[in-house]
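Asker: The structure under discussion is supplied below as structure tokens; questions concerning it will follow.
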Amino acid sequence: MIPPSIRVLFLLFFLPFCTFAQDASTLVAKLSAKMNQVKDYSVQVRIQSQIPLINIFPVNGTVYYKQVDKFRIIAKGIAILPKQGFTDLAQLLSKKERYSAISTKTEQVNDVPLQVVNLLPTDETGDLILVKLWIDSTKDLIIKSQTTTRSSGTITANYQYGKQQAIGLPDILVYTLDVKKFKIPKGLATDINRTNIPTKAQPKTGKITLTFTNYQINKGIDDKIFKN
Amino acid sequence: MLLASTYNEFIKITAKPRSYLGLGAITILVGVILFALKVDGLSMISFVTTSFEQTLTFQGNLLNGNLVAFIILQMLIIHIPLLVALVTGDLVSGEAASGAIRILLTKPISRTQVLLSKFIAGGVYTLCMIIWLGLMSVLIGRVLFGQGDLMVLNSDGLVILKENDISWRYLGGFAVAYLALLTVSTLSICLSCFTENSIGPIVTTMAIIILFTIIGTLDVRFFDQIRPYLFTTHMAAWRSYFEVPLPTAQITKSIFILLGHQVVLISIAIIKFNTKDITS
């Protein structure tokens, strides 16, 4: 038999964690509900990549998305995008059983208090290890996300909202990714015209900025578009 | 008179079966490369992009006609000097061996003009080769693989060029590649003035190209001083047209060095040919 005083102490110790957990779940559920309003969308996108070892001009294209995981970019020319990040979050949030939400702390970003929530995928064998969200709880918006996967490392995304703020679709999305592993195959890049070039120290992160305009939401998208 | 003599020389080139060897070889080689790329081109590209694809995805048609043409040009530009030298190395020595040079020099035209007409005819033949290579690689490549942005790998990393920014680069690249091959043609004709058999100048030309290429690739400090002045170093200058920003100074330097080689080689050939004993 546990004495009543110990019981009270026990409750006082664990109560804040229970409240946090509940808050995080509620917050993520709200986000999920907001995201679920968007069944499909198409949007014009301009992709600007600043990635070490890659020299590419900005590319225009159209993004097509359909719940839950249908996603395609049709660009005129070659476009470079992060391997992870577009559909992972939507997929994860689509079902409550897929994650456990844990609220960790509150962070002040640009004078806005953001709730930091960790999402742990319940599937331990999947590629996704952890998703960290910085959420503006007053507007129910994701301001920043950090996705860690086994295959691609960590990718950070910063969201900026405009006209579609009400349904949680960003106008600007900036991905920051780890590029430490990038290597140029030496045998293929040999250029006898350029010998003894001093190797420049390359930045360890790259940035891909997507600017969205002209959202067409819930207008219906043919599945054929998602087939290559 | 020079024009008539050049025409005459070009007719002689077209009459030789070996002149078509080069065009035939280019056709077969390009055909083989196009087939290989059509069958397994994407895995060849992934060899380049593997380290990037751990974090990134490339959207769009990577294996397009522009990339195919670039791959073909990169593969064949090493081998075409042999095909050029096969014909041009024989222009003087072949006639010296057969004795036809004696009859030719009885015509009312100076030796210098006879030799210059051979250089010009050799240049026209080289131009035909490079145009054929261009048609086979760029046009057939675009027909078979379609248009698209060009992804080029150089020592600084990947450069992705917009589709509408490529044609002029190919024109410039082919022009510089032509200058490089013209230097090979000039070298082989110059060597041809020193011998009276066909094989000698052809083999010597290739030996010089191999030697200079090895000197160019060996990372030895002693060779650093001479490397920039070897014509083989500038045979890859066509690639500079596919860099961003365009290294204009580097391209201009390569053009001047290649032209300088040609002037020196033509001058040596003229001096030798004018003093050559054709009576024995």
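Chain labels run A, B, ... following the order of the structure tokens; each chain numbers its residues from 1, and ligands are numbered from 1 in the order shown.
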Residues of chain B that approach chain A to 8 Å or less, counting only C-alpha atoms: could you list each one with the shortest pair of atoms and its distance in Å to one decimal, rows by chain and increasing residue number, as a tab-separated table?

Answerer:
```
residue	atom	partner	partner_atom	distance
B:Val48	CA	A:Pro185	CA	6.5
B:Ser51	CA	A:Phe182	CA	5.3
B:Phe52	CA	A:Phe182	CA	5.6
B:Glu53	CA	A:Lys83	CA	7.4
B:Gln54	CA	A:Ser152	CA	5.6
B:Thr55	CA	A:Ser152	CA	4.8
B:Leu56	CA	A:Pro82	CA	4.5
B:Thr57	CA	A:Lys83	CA	5.2
B:Phe58	CA	A:Ile80	CA	4.9
B:Gln59	CA	A:Ala79	CA	5.0
B:Gly60	CA	A:Ile78	CA	4.7
B:Asn61	CA	A:Ile78	CA	6.6
B:Leu62	CA	A:Ile78	CA	6.8
B:Gly148	CA	A:Gly77	CA	5.8
B:Asp149	CA	A:Gly77	CA	5.2
B:Leu153	CA	A:Ala189	CA	6.0
B:Asn154	CA	A:Ala189	CA	4.8
B:Ser155	CA	A:Ala189	CA	5.1
B:Asp156	CA	A:Leu53	CA	6.3
B:Gly157	CA	A:Leu53	CA	4.3
B:Leu158	CA	A:Ile54	CA	4.6
B:Val159	CA	A:Asn55	CA	4.6
B:Ile160	CA	A:Ile56	CA	5.0
B:Leu161	CA	A:Ile56	CA	6.9
B:Lys162	CA	A:Gly77	CA	7.0
B:Glu163	CA	A:Gly77	CA	7.2
B:Gly216	CA	A:Ile192	CA	6.5
B:Thr217	CA	A:Ile192	CA	5.9
B:Asp219	CA	A:Thr195	CA	7.9
B:Thr233	CA	A:Asn193	CA	5.4
B:His234	CA	A:Asn193	CA	6.4
B:Ala236	CA	A:Asn193	CA	6.3
B:Ala237	CA	A:Asn193	CA	6.9
B:Val244	CA	A:Asn55	CA	7.8
```

Asker: Could you pull out the strand (DSSP E or B) residues of segment 14-227 of chain A, going by DSSP on the backbone, and write them as an MDAnalysis selection string?

Answerer: chainID A and resid 40:51 54:56 59:66 70:75 79:82 99:109 112:121 128:136 141:149 153:161 170:178 205:217

Asker: In Å, how far is it from atom CA of Met235 of chain B to atom CA of Ser254 of chain B?

Answerer: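 Atom-to-atom, atom CA of Met235 of chain B and atom CA of Ser254 of chain B are spaced 8.4 Å apart.
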
Asker: Going by DSSP on the backbone, which bits of chain A are alpha helix (DSSP H)? Write them as a PyMOL selection string, please.

Answerer: chain A and resi 4-36+88-94+186-189

Asker: Between atom CA of Leu34 of chain B and atom CA of Leu127 of chain B, what is the distance, to one decimal in Å?

Answerer: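 It comes out at 22.5 Å.
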
Asker: Which polymer residues have any atom within 9 Å of an atom of Ala96 of chain B, counting only C-alpha atoms, with same-chain residues fewer than 2 positions away left out, as a short mmCIF file (atom, residue, chain, number, x, y, z; two decimals) with N, CA, C and O atoms, in the first residue's frame?

Answerer:
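Contents of part.cif, freshly written:
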```
data_model
loop_
_atom_site.label_atom_id
_atom_site.label_comp_id
_atom_site.auth_asym_id
_atom_site.auth_seq_id
_atom_site.Cartn_x
_atom_site.Cartn_y
_atom_site.Cartn_z
N LEU B 91 49.65 12.97 -97.22
CA LEU B 91 49.46 13.93 -98.33
C LEU B 91 50.75 14.26 -99.08
O LEU B 91 50.72 14.41 -100.30
N VAL B 92 51.86 14.38 -98.38
CA VAL B 92 53.13 14.70 -99.05
C VAL B 92 53.96 13.42 -99.23
O VAL B 92 54.40 13.11 -100.34
N SER B 93 54.12 12.68 -98.14
CA SER B 93 54.99 11.50 -98.20
C SER B 93 54.48 10.43 -99.16
O SER B 93 55.26 9.75 -99.83
N GLY B 94 53.17 10.30 -99.26
CA GLY B 94 52.59 9.31 -100.17
C GLY B 94 52.94 9.62 -101.62
O GLY B 94 53.31 8.73 -102.39
N SER B 98 55.47 7.61 -104.22
CA SER B 98 55.02 7.12 -105.53
C SER B 98 55.67 7.87 -106.69
O SER B 98 55.59 7.44 -107.84
N GLY B 99 56.28 9.01 -106.41
CA GLY B 99 56.92 9.82 -107.44
C GLY B 99 55.98 10.85 -108.06
O GLY B 99 56.40 11.65 -108.90
N ALA B 100 54.73 10.85 -107.63
CA ALA B 100 53.74 11.78 -108.20
C ALA B 100 54.09 13.23 -107.90
O ALA B 100 53.71 14.14 -108.63
N ILE B 101 54.89 13.43 -106.82
CA ILE B 101 55.24 14.80 -106.42
C ILE B 101 56.09 15.49 -107.50
O ILE B 101 56.02 16.71 -107.70
N ARG B 102 56.90 14.67 -108.20
CA ARG B 102 57.76 15.26 -109.27
C ARG B 102 56.90 15.84 -110.38
O ARG B 102 57.16 16.93 -110.87
N CYS B 193 56.41 15.93 -94.71
CA CYS B 193 57.42 16.57 -95.56
C CYS B 193 58.82 15.99 -95.31
O CYS B 193 59.73 16.17 -96.11
N THR B 195 59.56 12.70 -94.62
CA THR B 195 59.75 11.27 -94.95
C THR B 195 59.20 10.95 -96.33
O THR B 195 58.53 11.78 -96.97
N GLU B 196 59.48 9.73 -96.73
CA GLU B 196 58.95 9.31 -98.03
C GLU B 196 58.15 8.02 -97.91
O GLU B 196 58.07 7.23 -98.85
N ASN B 197 57.63 7.78 -96.74
CA ASN B 197 56.70 6.65 -96.61
C ASN B 197 55.47 7.13 -95.83
O ASN B 197 55.54 8.08 -95.06
N ILE B 278 63.59 16.31 -104.63
CA ILE B 278 62.56 15.41 -105.17
C ILE B 278 63.07 14.65 -106.40
O ILE B 278 62.33 13.92 -107.05
#
```

Asker: Within 12 Å of segment 69-71 of chain B, counting only C-alpha atoms, which residues qualify if same-chain residues fewer than 3 places away don't, as a PyMOL selection string?

Answerer: (chain A and resi 188) or (chain B and resi 30-31+33-34+36-37+41+44-45+63-66+74-77+133-153+166-167+169-170+173-174+238-239+241-242)

Asker: Can you tell me which residues surround Val174 of chain A at a distance of at most 6 Å, considering only C-alpha atoms, apart from same-chain residues fewer than 6 positions away, and format the answer as a ChimeraX atom specification?

Answerer: /A:157-158,208-209

Asker: Mind pulling up the distance from atom CA of Ile257 of chain B to atom CA of Asp90 of chain B?

Answerer: 25.1 Å
